[in-house]
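my_file.tsv follows; it contains TSV, C-alpha atoms and all ligand atoms.
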```tsv
chain	number	residue	atom	x	y	z
A	96	MET	CA	-58.43	14.12	164.76
A	97	ASN	CA	-59.28	14.02	168.46
A	98	LYS	CA	-57.21	11.28	170.13
A	99	LYS	CA	-57.74	9.98	173.65
A	100	SER	CA	-55.03	7.98	175.40
A	101	SER	CA	-55.89	4.58	176.89
A	102	THR	CA	-54.53	1.04	177.18
A	103	PRO	CA	-56.46	-1.43	174.99
A	104	SER	CA	-57.04	-5.08	175.89
A	105	LEU	CA	-56.90	-6.20	172.26
A	106	LEU	CA	-54.67	-4.72	169.59
A	107	VAL	CA	-56.12	-4.81	166.07
A	108	ILE	CA	-53.74	-4.20	163.19
A	109	GLY	CA	-55.02	-4.03	159.64
A	110	SER	CA	-56.61	-1.91	156.95
A	111	VAL	CA	-59.02	0.99	157.27
A	112	ALA	CA	-60.63	1.54	153.90
A	113	PHE	CA	-63.25	3.17	151.79
A	114	ASP	CA	-65.18	0.38	150.07
A	115	ASP	CA	-67.39	0.42	146.97
A	116	ILE	CA	-69.68	-2.59	147.24
A	117	GLU	CA	-72.14	-4.06	144.76
A	118	THR	CA	-74.46	-6.94	145.68
A	119	PRO	CA	-77.68	-8.23	144.01
A	120	PHE	CA	-79.54	-6.10	146.59
A	121	GLY	CA	-77.92	-2.71	146.02
A	122	LYS	CA	-74.75	-0.66	145.96
A	123	SER	CA	-72.83	1.43	148.45
A	124	LYS	CA	-70.03	3.85	147.62
A	125	LYS	CA	-67.11	5.12	149.72
A	126	THR	CA	-68.39	3.22	152.74
A	127	LEU	CA	-66.13	2.91	155.77
A	128	GLY	CA	-64.57	-0.57	155.72
A	129	GLY	CA	-61.24	-2.36	156.00
A	130	SER	CA	-60.26	-5.35	158.11
A	131	ALA	CA	-59.24	-3.35	161.21
A	132	THR	CA	-62.53	-1.42	161.15
A	133	TYR	CA	-64.71	-4.55	161.12
A	134	ILE	CA	-62.52	-6.39	163.67
A	135	SER	CA	-62.48	-3.45	166.11
A	136	LEU	CA	-66.19	-2.71	165.87
A	137	ALA	CA	-67.13	-6.37	166.41
A	138	ALA	CA	-64.65	-6.76	169.29
A	139	SER	CA	-65.88	-3.57	170.98
A	140	TYR	CA	-68.98	-5.38	172.30
A	141	PHE	CA	-66.75	-7.69	174.38
A	142	THR	CA	-63.51	-5.84	175.16
A	143	LYS	CA	-61.55	-2.63	174.64
A	144	PRO	CA	-59.91	-2.72	171.21
A	145	GLY	CA	-57.07	-0.47	170.10
A	146	LEU	CA	-56.79	0.04	166.37
A	147	VAL	CA	-53.43	0.33	164.59
A	148	ALA	CA	-53.86	1.46	161.00
A	149	VAL	CA	-53.16	4.26	158.55
A	150	VAL	CA	-55.59	6.58	156.75
A	151	GLY	CA	-55.19	9.44	154.27
A	152	GLU	CA	-56.18	13.08	154.33
A	153	ASP	CA	-59.64	12.21	152.97
A	154	PHE	CA	-60.48	10.46	156.27
A	155	LYS	CA	-62.74	12.79	158.23
A	156	GLN	CA	-63.85	13.27	161.83
A	157	GLN	CA	-67.23	11.66	160.99
A	158	HIS	CA	-65.38	8.41	160.14
A	159	CYS	CA	-63.38	8.55	163.41
A	160	GLU	CA	-66.63	9.04	165.29
A	161	ILE	CA	-68.03	5.73	164.02
A	162	LEU	CA	-65.15	4.01	165.84
A	163	GLN	CA	-65.04	6.38	168.81
A	164	ASN	CA	-68.77	5.86	169.44
A	165	ARG	CA	-67.88	2.22	170.11
A	166	LYS	CA	-64.97	3.33	172.34
A	167	VAL	CA	-62.33	1.99	169.97
A	168	ASP	CA	-58.93	3.42	171.02
A	169	LEU	CA	-57.57	5.40	168.05
A	170	MET	CA	-54.12	6.19	169.49
A	171	GLY	CA	-52.58	3.93	166.84
A	172	LEU	CA	-54.47	5.47	163.92
A	173	GLU	CA	-51.97	7.37	161.83
A	174	MET	CA	-52.89	9.97	159.23
A	175	ALA	CA	-50.51	10.06	156.27
A	176	LYS	CA	-50.21	12.30	153.24
A	177	GLY	CA	-52.30	10.87	150.41
A	178	LYS	CA	-55.53	8.93	150.08
A	179	THR	CA	-57.03	6.23	152.27
A	180	PHE	CA	-56.87	2.62	151.03
A	181	ALA	CA	-59.80	1.99	148.68
A	182	TRP	CA	-61.30	-1.33	147.65
A	183	GLY	CA	-64.19	-2.33	145.39
A	184	GLY	CA	-66.00	-5.67	145.40
A	185	LYS	CA	-68.92	-7.17	143.54
A	186	TYR	CA	-71.05	-10.13	144.63
A	187	HIS	CA	-73.10	-12.14	142.18
A	188	PHE	CA	-76.16	-14.25	142.90
A	189	ASP	CA	-74.06	-16.68	144.99
A	190	LEU	CA	-72.97	-14.48	147.87
A	191	ASN	CA	-70.19	-16.92	148.80
A	192	THR	CA	-68.06	-15.76	145.87
A	193	ARG	CA	-66.97	-12.22	145.06
A	194	GLU	CA	-65.01	-10.40	142.44
A	195	THR	CA	-62.50	-7.70	143.40
A	196	LEU	CA	-63.16	-4.69	141.15
A	197	PHE	CA	-60.17	-2.62	142.30
A	198	THR	CA	-57.59	-2.32	145.09
A	199	HIS	CA	-55.95	1.08	145.52
A	200	LEU	CA	-53.45	0.64	148.34
A	201	ASN	CA	-52.70	4.39	148.57
A	202	VAL	CA	-51.28	5.18	152.06
A	203	PHE	CA	-51.60	1.49	153.07
A	204	GLU	CA	-48.74	0.63	150.69
A	205	ASN	CA	-46.14	2.05	153.13
A	206	PHE	CA	-47.90	1.00	156.32
A	207	SER	CA	-45.19	-0.03	158.79
A	208	PRO	CA	-46.34	0.86	162.29
A	209	GLU	CA	-44.08	1.48	165.26
A	210	LEU	CA	-46.13	0.40	168.28
A	211	SER	CA	-46.33	2.74	171.28
A	212	PRO	CA	-45.07	1.42	174.67
A	213	ALA	CA	-48.68	0.90	175.84
A	214	HIS	CA	-49.56	-1.03	172.68
A	215	ARG	CA	-46.48	-3.27	173.00
A	216	ASN	CA	-47.87	-4.53	176.31
A	217	THR	CA	-51.32	-5.41	174.97
A	218	PRO	CA	-52.03	-9.04	175.94
A	219	TYR	CA	-54.17	-9.94	172.88
A	220	ALA	CA	-53.54	-9.03	169.25
A	221	PHE	CA	-55.06	-9.81	165.89
A	222	LEU	CA	-53.33	-9.07	162.61
A	223	GLY	CA	-55.53	-8.52	159.59
A	224	ASN	CA	-54.39	-9.64	156.18
A	225	THR	CA	-51.16	-7.87	155.06
A	226	HIS	CA	-47.67	-8.83	153.87
A	227	PRO	CA	-46.38	-11.56	156.24
A	228	ALA	CA	-43.05	-9.70	156.64
A	229	GLN	CA	-45.06	-6.77	157.94
A	230	GLN	CA	-46.96	-9.07	160.31
A	231	ILE	CA	-43.64	-10.47	161.62
A	232	ARG	CA	-42.33	-6.94	162.23
A	233	ILE	CA	-45.44	-6.04	164.22
A	234	ILE	CA	-45.58	-9.24	166.30
A	235	SER	CA	-41.88	-8.85	167.14
A	236	GLN	CA	-42.73	-5.56	168.85
A	237	LEU	CA	-45.23	-7.20	171.24
A	238	LYS	CA	-43.93	-7.99	174.72
A	239	ASN	CA	-44.90	-11.48	175.75
A	240	PRO	CA	-48.49	-11.49	174.34
A	241	LYS	CA	-50.95	-14.07	175.73
A	242	PHE	CA	-52.65	-14.78	172.41
A	243	VAL	CA	-52.00	-13.63	168.84
A	244	GLY	CA	-54.37	-14.32	165.92
A	245	LEU	CA	-53.61	-13.99	162.23
A	246	ASP	CA	-55.42	-13.66	158.91
A	247	THR	CA	-53.87	-14.10	155.48
A	248	MET	CA	-54.97	-14.63	151.88
A	249	ASN	CA	-54.20	-16.59	148.70
A	250	TYR	CA	-51.96	-13.81	147.39
A	251	TRP	CA	-49.46	-14.19	150.28
A	252	ILE	CA	-49.70	-18.00	150.21
A	253	GLU	CA	-48.58	-17.88	146.58
A	254	LYS	CA	-46.11	-14.96	146.62
A	255	THR	CA	-44.45	-15.07	150.06
A	256	PRO	CA	-44.57	-18.69	151.35
A	257	LYS	CA	-41.29	-18.38	153.26
A	258	GLU	CA	-42.36	-15.32	155.29
A	259	LEU	CA	-45.81	-16.82	155.81
A	260	GLY	CA	-44.18	-19.96	157.22
A	261	GLN	CA	-42.21	-17.78	159.65
A	262	VAL	CA	-45.20	-15.77	160.86
A	263	LEU	CA	-47.25	-18.95	161.35
A	264	LYS	CA	-44.70	-20.02	163.98
A	265	MET	CA	-45.30	-16.77	165.92
A	266	VAL	CA	-49.09	-16.94	166.37
A	267	ASP	CA	-51.67	-18.93	168.38
A	268	ALA	CA	-54.48	-18.95	165.83
A	269	LEU	CA	-54.83	-18.79	162.07
A	270	VAL	CA	-58.21	-17.74	160.65
A	271	ILE	CA	-58.56	-18.49	156.93
A	272	ASN	CA	-61.22	-19.66	154.49
A	273	ASP	CA	-61.49	-23.14	152.99
A	274	SER	CA	-59.87	-22.33	149.63
A	275	GLU	CA	-56.92	-20.71	151.42
A	276	ALA	CA	-56.55	-23.74	153.72
A	277	ARG	CA	-56.46	-26.03	150.67
A	278	GLU	CA	-53.91	-23.85	148.91
A	279	LEU	CA	-51.67	-23.49	151.97
A	280	SER	CA	-51.66	-27.23	152.73
A	281	LYS	CA	-51.88	-28.50	149.13
A	282	GLU	CA	-54.60	-30.87	150.40
A	283	HIS	CA	-58.18	-30.95	149.15
A	284	ASN	CA	-59.56	-32.68	152.24
A	285	LEU	CA	-59.99	-30.15	155.05
A	286	LEU	CA	-59.16	-32.61	157.84
A	287	LYS	CA	-55.86	-33.44	156.16
A	288	ALA	CA	-55.33	-29.74	155.43
A	289	ALA	CA	-55.85	-28.88	159.11
A	290	LYS	CA	-53.32	-31.51	160.21
A	291	LYS	CA	-50.70	-30.13	157.84
A	292	ILE	CA	-51.32	-26.50	158.79
A	293	SER	CA	-51.13	-27.30	162.53
A	294	GLY	CA	-47.77	-28.86	161.78
A	295	LEU	CA	-46.58	-25.49	160.45
A	296	MET	CA	-47.44	-23.74	163.73
A	297	HIS	CA	-45.18	-23.55	166.79
A	298	GLN	CA	-45.52	-26.47	169.24
A	299	SER	CA	-45.31	-24.17	172.27
A	300	ARG	CA	-48.29	-22.01	171.17
A	301	LYS	CA	-52.05	-22.78	171.14
A	302	ARG	CA	-52.10	-24.00	167.51
A	303	LEU	CA	-55.71	-23.15	166.71
A	304	LEU	CA	-56.90	-23.27	163.14
A	305	ILE	CA	-60.25	-21.80	162.14
A	306	ILE	CA	-61.44	-22.57	158.63
A	307	LYS	CA	-64.29	-20.27	157.53
A	308	ARG	CA	-66.81	-21.64	155.05
A	309	GLY	CA	-68.99	-18.62	154.28
A	310	GLU	CA	-72.69	-19.24	154.82
A	311	TYR	CA	-71.87	-22.86	155.73
A	312	GLY	CA	-70.15	-21.86	158.96
A	313	LEU	CA	-66.74	-22.88	160.24
A	314	LEU	CA	-64.46	-25.64	161.45
A	315	LEU	CA	-62.26	-25.18	164.51
A	316	PHE	CA	-59.24	-27.44	164.97
A	317	GLN	CA	-56.78	-27.87	167.82
A	318	GLY	CA	-54.57	-30.95	167.91
A	319	GLY	CA	-56.92	-33.85	167.21
A	320	LYS	CA	-60.05	-31.94	168.33
A	321	ILE	CA	-62.68	-30.60	165.90
A	322	PHE	CA	-65.68	-28.31	166.40
A	323	HIS	CA	-68.15	-27.53	163.63
A	324	LEU	CA	-70.51	-24.58	163.76
A	325	PRO	CA	-73.07	-23.75	161.06
A	326	GLY	CA	-73.59	-20.24	159.76
A	327	PHE	CA	-76.62	-18.63	161.40
A	328	PRO	CA	-79.60	-19.14	159.03
A	329	LEU	CA	-80.75	-15.71	157.83
A	330	GLU	CA	-83.36	-14.63	155.30
A	331	ASP	CA	-81.94	-11.15	154.91
A	332	VAL	CA	-78.28	-11.36	153.82
A	333	VAL	CA	-77.51	-8.04	152.13
A	334	ASP	CA	-73.71	-7.61	152.03
A	335	PRO	CA	-71.16	-10.28	153.09
A	336	THR	CA	-68.23	-7.81	153.15
A	337	GLY	CA	-66.41	-7.91	156.47
A	338	ALA	CA	-68.06	-11.13	157.69
A	339	GLY	CA	-64.69	-12.86	158.16
A	340	ASP	CA	-63.22	-9.85	159.94
A	341	SER	CA	-66.31	-9.46	162.15
A	342	PHE	CA	-65.93	-13.12	163.07
A	343	ALA	CA	-62.29	-12.48	164.05
A	344	GLY	CA	-63.34	-9.45	166.12
A	345	GLY	CA	-66.02	-11.33	168.03
A	346	PHE	CA	-63.73	-14.33	168.54
A	347	MET	CA	-60.78	-12.29	169.84
A	348	GLY	CA	-63.01	-9.95	171.85
A	349	HIS	CA	-64.68	-12.85	173.64
A	350	LEU	CA	-61.33	-14.54	174.30
A	351	SER	CA	-59.73	-11.39	175.69
A	352	ALA	CA	-62.74	-10.80	177.97
A	353	LYS	CA	-62.65	-14.34	179.37
A	354	SER	CA	-58.88	-15.05	179.41
A	355	ASP	CA	-59.68	-18.75	179.28
A	356	PHE	CA	-57.74	-20.95	176.87
A	357	SER	CA	-59.70	-24.17	177.37
A	358	TRP	CA	-61.23	-26.00	174.38
A	359	ASP	CA	-64.70	-25.11	175.69
A	360	SER	CA	-63.78	-21.42	175.79
A	361	PHE	CA	-62.43	-21.52	172.21
A	362	LYS	CA	-65.75	-23.03	171.06
A	363	LYS	CA	-67.71	-20.27	172.83
A	364	ALA	CA	-65.45	-17.64	171.26
A	365	CYS	CA	-66.28	-19.16	167.85
A	366	VAL	CA	-70.00	-18.78	168.59
A	367	ALA	CA	-69.48	-15.14	169.64
A	368	GLY	CA	-67.52	-14.51	166.42
A	369	SER	CA	-70.15	-16.19	164.27
A	370	ALA	CA	-72.88	-14.12	165.93
A	371	MET	CA	-71.01	-10.91	165.02
A	372	ALA	CA	-70.48	-12.12	161.43
A	373	SER	CA	-74.19	-12.89	161.12
A	374	PHE	CA	-75.09	-9.33	162.18
A	375	CYS	CA	-72.50	-7.83	159.84
A	376	VAL	CA	-74.04	-9.35	156.69
A	377	GLN	CA	-77.52	-8.00	157.40
A	378	ASP	CA	-76.78	-4.52	156.06
A	379	PHE	CA	-74.18	-2.70	153.94
A	380	GLY	CA	-70.77	-1.94	155.42
A	381	THR	CA	-70.57	-1.52	159.19
A	382	GLN	CA	-74.21	-0.36	159.64
A	383	THR	CA	-75.36	-3.18	161.92
A	384	LEU	CA	-72.07	-3.39	163.82
A	385	GLN	CA	-72.43	0.25	164.82
A	386	ASN	CA	-75.81	-0.17	166.45
A	387	LEU	CA	-75.94	-3.47	168.31
A	388	SER	CA	-76.57	-4.19	171.97
A	389	ARG	CA	-75.33	-6.89	174.33
A	390	THR	CA	-78.94	-8.12	174.58
A	391	LYS	CA	-79.24	-8.63	170.81
A	392	ILE	CA	-75.88	-10.43	170.77
A	393	SER	CA	-76.88	-12.69	173.67
A	394	GLN	CA	-80.15	-13.53	171.89
A	395	ARG	CA	-78.27	-14.56	168.77
A	396	ILE	CA	-75.83	-16.67	170.78
A	397	GLN	CA	-78.88	-18.32	172.35
A	398	GLY	CA	-80.19	-18.85	168.80
A	399	PHE	CA	-76.98	-20.75	167.98
A	400	ARG	CA	-77.52	-22.85	171.10
A	401	HIS	CA	-81.05	-23.85	169.95
A	402	LEU	CA	-79.82	-24.47	166.43
A	403	THR	CA	-77.07	-26.90	167.37
A	404	ARG	CA	-78.44	-28.74	170.44
A	405	PHE	CA	-80.09	-32.13	170.01
B	1	LIG	P1	-63.72	-9.70	154.36
B	1	LIG	O1	-65.04	-9.60	153.65
B	1	LIG	O2	-63.84	-10.18	155.77
B	1	LIG	O3	-62.70	-10.44	153.56
B	1	LIG	O4	-63.15	-8.20	154.50
B	1	LIG	C1	-63.40	-7.21	153.55
B	1	LIG	C2	-62.60	-5.97	153.90
B	1	LIG	O5	-61.22	-6.21	153.63
B	1	LIG	C3	-63.02	-4.77	153.07
B	1	LIG	O6	-63.57	-3.79	153.92
B	1	LIG	C4	-61.74	-4.30	152.37
B	1	LIG	O7	-61.54	-2.91	152.49
B	1	LIG	C5	-60.62	-5.05	153.05
B	1	LIG	N1	-59.60	-5.51	152.08
B	1	LIG	C6	-59.80	-5.98	150.82
B	1	LIG	N2	-58.63	-6.29	150.23
B	1	LIG	C7	-57.65	-6.04	151.16
B	1	LIG	C8	-56.20	-6.15	151.16
B	1	LIG	N3	-55.53	-6.58	150.09
B	1	LIG	N4	-55.55	-5.79	152.28
B	1	LIG	C9	-56.22	-5.36	153.36
B	1	LIG	N5	-57.56	-5.21	153.43
B	1	LIG	C10	-58.27	-5.54	152.33
```
Same coordinates, now as structure tokens:
Amino acid sequence: MNKKSSTPSLLVIGSVAFDDIETPFGKSKKTLGGSATYISLAASYFTKPGLVAVVGEDFKQQHCEILQNRKVDLMGLEMAKGKTFAWGGKYHFDLNTRETLFTHLNVFENFSPELSPAHRNTPYAFLGNTHPAQQIRIISQLKNPKFVGLDTMNYWIEKTPKELGQVLKMVDALVINDSEARELSKEHNLLKAAKKISGLMHQSRKRLLIIKRGEYGLLLFQGGKIFHLPGFPLEDVVDPTGAGDSFAGGFMGHLSAKSDFSWDSFKKACVAGSAMASFCVQDFGTQTLQNLSRTKISQRIQGFRHLTRF
């Protein structure tokens, strides 16, 4: 694996995977995926991401090149003995719900990265969905970060509530979907859920909560403020895998490029993230994210502007 040293602006920690995906429109096998892959590729159009993840011996140069072509820093990509994390998912007619067919953690099971000195100084970081104790260990290695974002899932909400509570106090933003927000807060109503979840976050941090609602868009909360953004209307949704992670990548990438923590800037970062998610779903795996341009992204952001202005 050819590694090039550099200092990233955004550290992305998560899974790199081989995905088997089935949707009503086709199938793809052993496609490059994983949360860190989608987040890094989406962020690469705004900032310089550094990926921290583990892969197995079946991970080849051609897979590294997909990330290197987008100038993703691979200094933190470790190759371990064994197989790369593999995941299979199936979507039915309603693309908002999916069934997990298999999860083979493989080398990801013992993923416990030791950040390099350069990575410890990265000002922005996003942690993909893993064990909250692992997330705590990683965040603790960061030296005075400006902004840390976090993803989690139902499994950790149910199995490790204590550790999840601890990690929530260490981050500026939580990005979860509506069912996870309901489960975490034990509230059906999303406004009440947001209030409760904000209460679990540290007072001295930014306390942003982003609730993703699939094709219906998202809700952004901070204190008493709310912003609602629809999903971009598309006729050609092919594969929703990675949409949430692409959103996180666009959101964090935009934020790290602007270094502006105003409410207006958070709203714009949400639009950038939603634009990246809308591209992601238009083809299988990371296909569209590999071949975008700033012009296409700006046009889609403009599309959001037309869609929501009245
Ligand atoms: P999303 O559609 O945004 O939820 O992200 C899908 C990606 O998450 C796929 O590429 C999977 O490889 C990856 N993934 C699925 N399950 C897990 C898990 N338990 N831990 C880490 N990554 C996962």
Worksheet entry | At most 10 Å from ligand LIG 1 (chain B) (all atoms listed in the file): residue list as JSON, numbers by chain | {"A": [109, 110, 111, 112, 113, 114, 115, 116, 126, 127, 128, 129, 130, 131, 132, 133, 134, 180, 181, 182, 183, 184, 193, 195, 197, 198, 199, 200, 203, 204, 223, 224, 225, 226, 246, 247, 248, 250, 251, 271, 272, 309, 334, 335, 336, 337, 338, 339, 340, 341, 342, 343, 372, 375, 376, 380, 381]}
Worksheet item: Which is closer to Arg232 (chain A) than all the others in A:Met265, A:Ile306, A:Gly244, A:Thr217, using all atoms listed in the file?
Response: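 For Arg232 (chain A), the nearest of the given residues is A:Met265.
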Worksheet entry | Residue with smallest distance to Leu324 (chain A) - pool A:Gly368, A:Gly121, A:Pro256, A:Gly312, counting only C-alpha atoms | A:Gly312
Fill in: Pick from A:Tyr311, A:Phe316, A:Phe327, A:Phe206, whichever lies nearest to Leu285 (chain A) using only C-alpha atoms
A:Phe316
Can you pull out the residues contacting Val333 (chain A)? Cut-off 8 Å, using all atoms listed in the file, and skip same-chain residues under 6 positions away; I want them as a PDB file with C-alpha atoms, in the frame of the given file.
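Dumped everything to result_9.pdb:
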```
ATOM      1  CA  THR A 118     -74.460  -6.940 145.680  1.00  0.00           C
ATOM      2  CA  PHE A 120     -79.540  -6.100 146.590  1.00  0.00           C
ATOM      3  CA  VAL A 376     -74.040  -9.350 156.690  1.00  0.00           C
ATOM      4  CA  GLN A 377     -77.520  -8.000 157.400  1.00  0.00           C
ATOM      5  CA  ASP A 378     -76.780  -4.520 156.060  1.00  0.00           C
ATOM      6  CA  PHE A 379     -74.180  -2.700 153.940  1.00  0.00           C
TER       7      PHE A 379
END
```
Worksheet, complete the sentence: Residue with the minimum atom-to-atom distance to Asp331 (chain A), picked from A:Thr255, A:Gln298, A:Ser373, A:Gln317 with all atoms listed in the file counted, is A:Ser373
Worksheet item: Using only C-alpha atoms, which residue out of A:Ser280, A:Gln397, A:Gln261, A:Gln163 lies closest to Asn249 (chain A)?
Response: A:Ser280
Discussion item. I need the residue nearest Lys124 (chain A) from this list: A:Leu350, A:Val147, A:Ile252, A:Lys185. Use all atoms listed in the file for the distance.
Written reply: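 Result for the nearest residue to Lys124 (chain A): A:Lys185.
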Practice prompt. Could you check how far CA of Tyr186 (chain A) sits from CA of Pro119 (chain A), in Å to one decimal?
Written response: 6.9 Å
Practice prompt. Excluding region 388-395 of chain A and any residue of its chain fewer than 4 positions from it, enumerate the residues within 12 Å of it, using only C-alpha atoms, and give them as a ChimeraX atom specification.
Written response: /A:137-142,165,326-329,345,349,363,366-375,383-384,399-402
Worksheet item: What lies within 9 Å of Lys290 (chain A) using all atoms listed in the file, ignoring chain neighbours under 2 positions off, as JSON, numbers by chain?
Response: {"A": [280, 285, 286, 287, 288, 292, 293, 294, 316, 318, 319]}
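Coordinates place CA of Gly151 (chain A) at a distance of 5.1 Å from CA of Ala175 (chain A).
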N, CA, C and O atoms are needed for region 309-321 of chain A; please write them out as a CSV table (one decimal), in the coordinates of the input.
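Below is the file out38.csv, written as the result:
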```csv
chain,number,residue,atom,x,y,z
A,309,GLY,N,-67.9,-19.5,154.7
A,309,GLY,CA,-69.0,-18.6,154.3
A,309,GLY,C,-70.3,-18.9,155.0
A,309,GLY,O,-70.3,-19.1,156.2
A,310,GLU,N,-71.4,-19.0,154.2
A,310,GLU,CA,-72.7,-19.2,154.8
A,310,GLU,C,-72.8,-20.6,155.5
A,310,GLU,O,-73.7,-20.9,156.2
A,311,TYR,N,-71.8,-21.5,155.2
A,311,TYR,CA,-71.9,-22.9,155.7
A,311,TYR,C,-71.2,-23.0,157.1
A,311,TYR,O,-71.1,-24.0,157.7
A,312,GLY,N,-70.7,-21.9,157.6
A,312,GLY,CA,-70.2,-21.9,159.0
A,312,GLY,C,-68.6,-22.0,159.0
A,312,GLY,O,-67.9,-21.5,158.2
A,313,LEU,N,-68.2,-22.8,160.0
A,313,LEU,CA,-66.7,-22.9,160.2
A,313,LEU,C,-66.3,-24.2,160.9
A,313,LEU,O,-67.2,-24.9,161.4
A,314,LEU,N,-65.1,-24.5,160.8
A,314,LEU,CA,-64.5,-25.6,161.4
A,314,LEU,C,-63.3,-25.1,162.3
A,314,LEU,O,-62.5,-24.3,161.9
A,315,LEU,N,-63.3,-25.6,163.6
A,315,LEU,CA,-62.3,-25.2,164.5
A,315,LEU,C,-61.4,-26.4,164.8
A,315,LEU,O,-62.0,-27.5,165.1
A,316,PHE,N,-60.1,-26.3,164.7
A,316,PHE,CA,-59.2,-27.4,165.0
A,316,PHE,C,-58.2,-27.1,166.0
A,316,PHE,O,-57.7,-25.9,166.0
A,317,GLN,N,-57.9,-28.0,166.9
A,317,GLN,CA,-56.8,-27.9,167.8
A,317,GLN,C,-56.3,-29.3,168.1
A,317,GLN,O,-57.1,-30.1,168.7
A,318,GLY,N,-55.1,-29.6,167.8
A,318,GLY,CA,-54.6,-31.0,167.9
A,318,GLY,C,-55.5,-31.9,167.2
A,318,GLY,O,-55.9,-31.6,166.0
A,319,GLY,N,-56.0,-32.9,167.9
A,319,GLY,CA,-56.9,-33.8,167.2
A,319,GLY,C,-58.4,-33.4,167.4
A,319,GLY,O,-59.3,-34.2,166.9
A,320,LYS,N,-58.7,-32.3,168.0
A,320,LYS,CA,-60.0,-31.9,168.3
A,320,LYS,C,-60.7,-31.1,167.2
A,320,LYS,O,-60.0,-30.3,166.6
A,321,ILE,N,-62.0,-31.3,166.9
A,321,ILE,CA,-62.7,-30.6,165.9
A,321,ILE,C,-64.0,-30.1,166.5
A,321,ILE,O,-64.7,-30.8,167.2
```
